[in-house]
file work-v5.cif (mmCIF, C-alpha atoms)
data_target
loop_
_atom_site.label_atom_id
_atom_site.label_comp_id
_atom_site.auth_asym_id
_atom_site.auth_seq_id
_atom_site.Cartn_x
_atom_site.Cartn_y
_atom_site.Cartn_z
CA GLU A 1 -111.43 6.05 26.07
CA THR A 2 -112.46 2.73 24.56
CA GLY A 3 -110.94 1.44 21.36
CA VAL A 4 -112.59 -0.17 18.36
CA THR A 5 -114.40 -3.37 19.25
CA GLN A 6 -115.76 -6.08 16.97
CA SER A 7 -118.05 -9.03 17.46
CA PRO A 8 -118.04 -11.92 17.21
CA THR A 9 -114.38 -12.87 17.40
CA HIS A 10 -114.78 -15.99 15.30
CA LEU A 11 -117.60 -17.65 13.45
CA ILE A 12 -118.14 -20.50 11.06
CA LYS A 13 -120.81 -20.42 8.36
CA THR A 14 -121.87 -22.65 5.53
CA ARG A 15 -121.73 -21.64 1.88
CA GLY A 16 -124.93 -19.84 0.87
CA GLN A 17 -125.72 -18.57 4.35
CA GLN A 18 -125.80 -14.92 5.46
CA VAL A 19 -123.66 -13.31 8.14
CA THR A 20 -123.67 -10.05 10.11
CA LEU A 21 -120.54 -8.65 11.70
CA ARG A 22 -120.59 -5.78 14.18
CA CYS A 23 -118.26 -2.93 15.00
CA SER A 24 -118.29 -0.27 17.71
CA SER A 25 -116.21 2.75 16.83
CA GLN A 26 -113.72 4.43 19.11
CA SER A 27 -115.10 7.17 21.33
CA GLY A 28 -115.29 10.48 19.44
CA HIS A 29 -115.09 8.88 16.00
CA ASN A 30 -117.86 9.30 13.42
CA THR A 31 -116.61 7.24 10.47
CA VAL A 32 -116.31 3.49 10.05
CA SER A 33 -114.46 1.58 7.34
CA TRP A 34 -114.51 -2.15 6.66
CA TYR A 35 -111.68 -4.23 5.23
CA GLN A 36 -111.30 -7.87 4.21
CA GLN A 37 -107.97 -9.56 4.86
CA ALA A 38 -107.53 -12.95 3.22
CA LEU A 39 -104.86 -15.24 4.60
CA GLY A 40 -101.36 -14.05 3.73
CA GLN A 41 -102.56 -10.81 2.11
CA GLY A 42 -102.94 -7.18 2.99
CA PRO A 43 -106.37 -5.81 3.91
CA GLN A 44 -108.65 -4.75 1.08
CA PHE A 45 -111.13 -1.89 1.41
CA ILE A 46 -114.78 -2.93 1.30
CA PHE A 47 -116.58 0.35 2.08
CA GLN A 48 -116.76 3.32 4.43
CA TYR A 49 -119.71 4.83 6.28
CA TYR A 50 -119.99 8.45 7.37
CA ARG A 51 -123.14 10.00 8.83
CA GLU A 52 -125.00 6.75 8.16
CA GLU A 53 -124.30 6.94 4.41
CA GLU A 54 -121.90 4.91 2.30
CA ASN A 55 -118.88 7.10 1.56
CA GLY A 56 -116.87 5.06 -0.91
CA ARG A 57 -116.79 1.42 -1.89
CA GLY A 58 -114.09 -0.96 -3.02
CA ASN A 59 -114.31 -3.71 -5.60
CA PHE A 60 -116.78 -5.93 -3.77
CA PRO A 61 -120.11 -7.28 -5.08
CA PRO A 62 -123.47 -5.97 -3.83
CA ARG A 63 -123.94 -8.98 -1.57
CA PHE A 64 -121.56 -7.11 0.74
CA SER A 65 -123.63 -4.40 2.40
CA GLY A 66 -123.40 -2.27 5.49
CA LEU A 67 -125.11 0.01 7.92
CA GLN A 68 -124.05 2.75 10.26
CA PHE A 69 -126.18 3.65 13.24
CA PRO A 70 -126.73 7.05 14.94
CA ASN A 71 -124.20 6.08 17.64
CA TYR A 72 -121.67 5.50 14.80
CA SER A 73 -121.49 1.75 15.32
CA SER A 74 -121.70 -0.31 12.15
CA GLU A 75 -122.65 -3.65 10.67
CA LEU A 76 -121.25 -5.55 7.72
CA ASN A 77 -123.65 -7.99 6.10
CA VAL A 78 -122.63 -10.63 3.60
CA ASN A 79 -125.27 -12.61 1.74
CA ALA A 80 -124.91 -15.87 -0.17
CA LEU A 81 -121.57 -16.69 1.41
CA GLU A 82 -118.88 -18.19 -0.79
CA LEU A 83 -115.80 -20.14 0.22
CA ASP A 84 -113.61 -17.21 -0.84
CA ASP A 85 -115.31 -15.01 1.74
CA SER A 86 -113.29 -16.79 4.41
CA ALA A 87 -111.07 -14.06 5.82
CA LEU A 88 -110.36 -11.74 8.72
CA TYR A 89 -112.78 -8.80 8.58
CA LEU A 90 -111.40 -5.63 10.05
CA CYS A 91 -113.29 -2.55 11.10
CA ALA A 92 -111.55 0.81 11.41
CA SER A 93 -112.90 4.01 12.89
CA SER A 94 -111.78 7.57 12.38
CA PHE A 95 -112.98 11.12 12.78
CA SER A 96 -114.01 12.94 9.62
CA GLY A 97 -114.03 16.66 10.16
CA GLN A 98 -111.30 19.22 10.39
CA GLY A 99 -108.04 17.93 9.02
CA LEU A 100 -106.82 14.50 8.12
CA LYS A 101 -107.13 11.77 10.68
CA GLU A 102 -105.80 8.26 10.86
CA GLN A 103 -107.90 5.10 10.99
CA TYR A 104 -107.79 2.91 14.09
CA PHE A 105 -108.47 -0.79 13.67
CA GLY A 106 -110.34 -3.28 15.78
CA PRO A 107 -109.12 -6.84 16.45
CA GLY A 108 -111.16 -8.29 13.61
CA THR A 109 -113.68 -11.08 13.11
CA ARG A 110 -112.36 -14.33 11.68
CA LEU A 111 -114.99 -15.77 9.30
CA THR A 112 -114.68 -19.32 8.03
CA VAL A 113 -117.02 -20.49 5.28
CA THR A 114 -117.29 -24.24 4.76
CA ALA B 1 -103.51 2.63 -10.80
CA GLN B 2 -103.04 3.21 -7.12
CA SER B 3 -100.89 0.55 -5.50
CA VAL B 4 -98.40 -0.20 -2.75
CA THR B 5 -95.48 -2.58 -3.16
CA GLN B 6 -93.55 -4.16 -0.34
CA PRO B 7 -90.73 -5.98 -2.12
CA ASP B 8 -89.69 -8.12 0.83
CA ILE B 9 -92.16 -10.83 1.81
CA HIS B 10 -90.08 -12.12 4.69
CA ILE B 11 -87.12 -10.60 6.57
CA THR B 12 -85.08 -12.12 9.38
CA VAL B 13 -82.81 -10.02 11.59
CA SER B 14 -80.89 -10.62 14.79
CA GLU B 15 -82.02 -8.94 17.98
CA GLY B 16 -80.20 -5.62 18.34
CA ALA B 17 -79.57 -5.26 14.61
CA SER B 18 -80.94 -2.40 12.58
CA LEU B 19 -84.00 -2.81 10.37
CA GLU B 20 -85.29 -1.28 7.17
CA LEU B 21 -88.55 -2.35 5.55
CA ARG B 22 -89.15 -1.11 2.05
CA CYS B 23 -92.32 0.39 0.66
CA ASN B 24 -92.99 1.87 -2.77
CA TYR B 25 -96.28 3.46 -3.76
CA SER B 26 -97.99 4.48 -6.96
CA TYR B 27 -100.40 7.35 -6.50
CA GLY B 28 -100.99 10.40 -8.66
CA ALA B 29 -101.82 12.95 -6.02
CA THR B 30 -100.22 13.93 -2.71
CA PRO B 31 -99.79 10.65 -0.84
CA TYR B 32 -100.95 10.11 2.69
CA LEU B 33 -98.75 7.28 3.94
CA PHE B 34 -98.97 4.89 6.85
CA TRP B 35 -97.20 1.97 8.45
CA TYR B 36 -99.22 -0.52 10.48
CA VAL B 37 -98.08 -3.58 12.44
CA GLN B 38 -100.09 -6.76 12.95
CA SER B 39 -99.27 -9.46 15.48
CA PRO B 40 -100.59 -12.98 14.76
CA GLY B 41 -104.37 -13.13 14.92
CA GLN B 42 -104.65 -9.45 15.83
CA GLY B 43 -105.86 -6.26 14.24
CA LEU B 44 -103.63 -3.51 12.89
CA GLN B 45 -101.80 -1.02 15.08
CA LEU B 46 -100.71 2.31 13.61
CA LEU B 47 -96.95 2.84 13.89
CA LEU B 48 -96.68 6.19 12.13
CA LYS B 49 -98.13 8.37 9.40
CA TYR B 50 -97.08 11.03 6.91
CA PHE B 51 -99.51 13.69 5.79
CA SER B 52 -97.21 16.64 4.99
CA GLY B 53 -94.22 18.59 6.27
CA ASP B 54 -91.03 17.00 7.58
CA THR B 55 -90.28 13.95 5.45
CA LEU B 56 -88.76 12.05 8.38
CA VAL B 57 -91.52 10.98 10.73
CA GLN B 58 -91.23 9.40 14.13
CA GLY B 59 -93.61 6.77 15.38
CA ILE B 60 -94.24 4.53 18.32
CA LYS B 61 -91.95 1.75 19.56
CA GLY B 62 -88.83 3.53 18.25
CA PHE B 63 -89.79 3.32 14.57
CA GLU B 64 -89.27 6.05 12.00
CA ALA B 65 -89.97 6.37 8.29
CA GLU B 66 -88.72 8.65 5.55
CA PHE B 67 -90.86 9.89 2.68
CA LYS B 68 -88.93 10.28 -0.57
CA ARG B 69 -91.14 11.70 -3.28
CA SER B 70 -88.52 11.28 -6.02
CA GLN B 71 -88.33 7.56 -5.31
CA SER B 72 -92.02 7.09 -4.43
CA SER B 73 -90.85 5.39 -1.27
CA PHE B 74 -91.75 5.40 2.41
CA ASN B 75 -89.30 3.02 4.09
CA LEU B 76 -89.64 2.05 7.74
CA ARG B 77 -86.56 1.91 9.96
CA LYS B 78 -85.57 0.99 13.47
CA PRO B 79 -82.00 1.27 14.79
CA SER B 80 -82.14 -1.71 17.14
CA VAL B 81 -84.73 -4.47 16.84
CA HIS B 82 -86.25 -6.21 19.87
CA TRP B 83 -87.63 -9.75 19.89
CA SER B 84 -91.09 -8.27 20.49
CA ASP B 85 -90.94 -6.54 17.08
CA ALA B 86 -91.53 -9.87 15.32
CA ALA B 87 -94.81 -9.34 13.45
CA GLU B 88 -96.23 -8.48 10.04
CA TYR B 89 -95.75 -4.94 8.82
CA PHE B 90 -98.02 -3.23 6.31
CA CYS B 91 -97.43 -0.06 4.36
CA ALA B 92 -100.52 1.78 3.13
CA VAL B 93 -101.49 4.84 1.13
CA GLY B 94 -104.65 6.83 1.79
CA ALA B 95 -106.72 7.35 -1.36
CA GLY B 96 -110.16 8.40 -2.51
CA TYR B 97 -110.40 12.11 -3.22
CA ALA B 98 -108.35 15.26 -3.53
CA GLY B 99 -107.24 16.70 -0.23
CA GLY B 100 -108.18 13.65 1.79
CA TYR B 101 -108.82 9.96 1.74
CA ASN B 102 -111.57 7.51 2.59
CA LYS B 103 -109.75 4.24 2.04
CA LEU B 104 -106.38 2.69 2.66
CA ILE B 105 -104.62 0.73 -0.04
CA PHE B 106 -102.29 -1.77 1.57
CA GLY B 107 -99.22 -3.60 0.42
CA ALA B 108 -99.02 -7.37 0.81
CA GLY B 109 -96.99 -7.03 3.99
CA THR B 110 -93.52 -7.97 5.21
CA ARG B 111 -93.21 -10.64 7.86
CA LEU B 112 -90.39 -9.88 10.29
CA ALA B 113 -88.69 -12.64 12.26
CA VAL B 114 -86.18 -11.78 15.00
CA HIS B 115 -83.41 -14.18 16.01
CA PRO B 116 -82.19 -14.03 19.64
#
call {"tool": "encode", "arguments": {"input": "work-v5.cif", "output": "structure tokens"}}
result
Amino acid sequence: ETGVTQSPTHLIKTRGQQVTLRCSSQSGHNTVSWYQQALGQGPQFIFQYYREEENGRGNFPPRFSGLQFPNYSSELNVNALELDDSALYLCASSFSGQGLKEQYFGPGTRLTVT
Amino acid sequence: AQSVTQPDIHITVSEGASLELRCNYSYGATPYLFWYVQSPGQGLQLLLKYFSGDTLVQGIKGFEAEFKRSQSSFNLRKPSVHWSDAAEYFCAVGAGYAGGYNKLIFGAGTRLAVHP
């Protein structure tokens, strides 16, 4: 059973550019959630995807968008990058179905915007 | 508003000493509660969770937590700390809709240092 994987591990972008982060969910999971963790803070919920549809969104502007693919992997896209977007971006997968299930996190992608 | 408070930003304990990390939550419905641990530069690892039932829950690595509804608390404990427990600990509440959750609301974290 493979865990949650994310790519790339690190990347550096310039203000105004666009970035795409990728997440492969854990085997058997059908739901992916994205979180932003700024330095020294707890993670903040960006959005969740279930069955390729957005299933809840946090307080993030529309330039943060996502996709979920039929194999349940997911992408997070951020347009018009700002300096404050520098953070660790965490992906979490879970199974939505019968009963409550916990979310399992990947190692994260460290984004630096200069 | 839904929120999680971890009153202690930084805690230092000696190896072998007991540990208690505090967590208070504000949530109107039945809370689904979690503790995660994060080592430097890493993702989050689930230590334990509370959904319902017995208010004392056991987790991995010898950790336990007790849900106290009257105090809106979910404190994490360990009877004897090991040097490898040094990390950042996050308490979270699951929120989003009745009977379930689609997002985790995290506290700001407690950084644990362990003296030899």
call {"tool": "resolve_selection", "arguments": {"input": "work-v5.cif", "expression": "the PyMOL selection byres ((chain A) within 12 of (chain B))", "output": "JSON, numbers by chain"}}
result
{"A": [3, 4, 5, 6, 9, 10, 31, 32, 33, 34, 35, 36, 37, 38, 39, 40, 41, 42, 43, 44, 45, 46, 47, 48, 49, 50, 54, 55, 56, 57, 58, 59, 87, 88, 89, 90, 91, 92, 93, 94, 95, 96, 97, 98, 99, 100, 101, 102, 103, 104, 105, 106, 107, 108, 109, 110]}
call {"tool": "resolve_selection", "arguments": {"input": "work-v5.cif", "expression": "the PyMOL selection byres ((chain A and resi 13) around 8)", "output": "PyMOL selection string"}}
result
chain A and resi 11-12+14-15+17-19+81+111-114
call {"tool": "residues_near_point", "arguments": {"input": "work-v5.cif", "point": "(-82.6, -3.1, 22.5)", "cutoff": "8 Å", "atoms": "all atoms listed in the file", "output": "list in words"}}
result
Glu15, Gly16, Ser80, Val81 and His82 of chain B
call {"tool": "resolve_selection", "arguments": {"input": "work-v5.cif", "expression": "the PyMOL selection byres ((chain B and resi 71) around 12)", "output": "number ranges by chain"}}
result
B: 22-26, 66-70, 72-75
call {"tool": "axis_aligned_box", "arguments": {"input": "work-v5.cif", "around": "region 45-60 of chain A", "padding_each_side": "4 Å", "output": "lines of an AutoDock Vina configuration file"}}
result
center_x = -118.1
center_y = 2.0
center_z = 1.6
size_x = 21.9
size_y = 23.9
size_z = 22.4
call {"tool": "atom_distance", "arguments": {"input": "work-v5.cif", "atom1": "CA of Cys23 (chain A)", "atom2": "CA of Ala80 (chain A)"}}
result
21.0 Å
call {"tool": "atom_distance", "arguments": {"input": "work-v5.cif", "atom1": "CA of Val13 (chain B)", "atom2": "CA of Ala86 (chain B)"}}
result
9.5 Å
call {"tool": "atom_distance", "arguments": {"input": "work-v5.cif", "atom1": "CA of Thr30 (chain B)", "atom2": "CA of Ala98 (chain B)"}}
result
8.3 Å
call {"tool": "residues_near_point", "arguments": {"input": "work-v5.cif", "point": "(-86.7, -13.4, 17.5)", "cutoff": "9 Å", "atoms": "all atoms listed in the file", "output": "PyMOL selection string"}}
result
chain B and resi 12-15+82-86+112-116
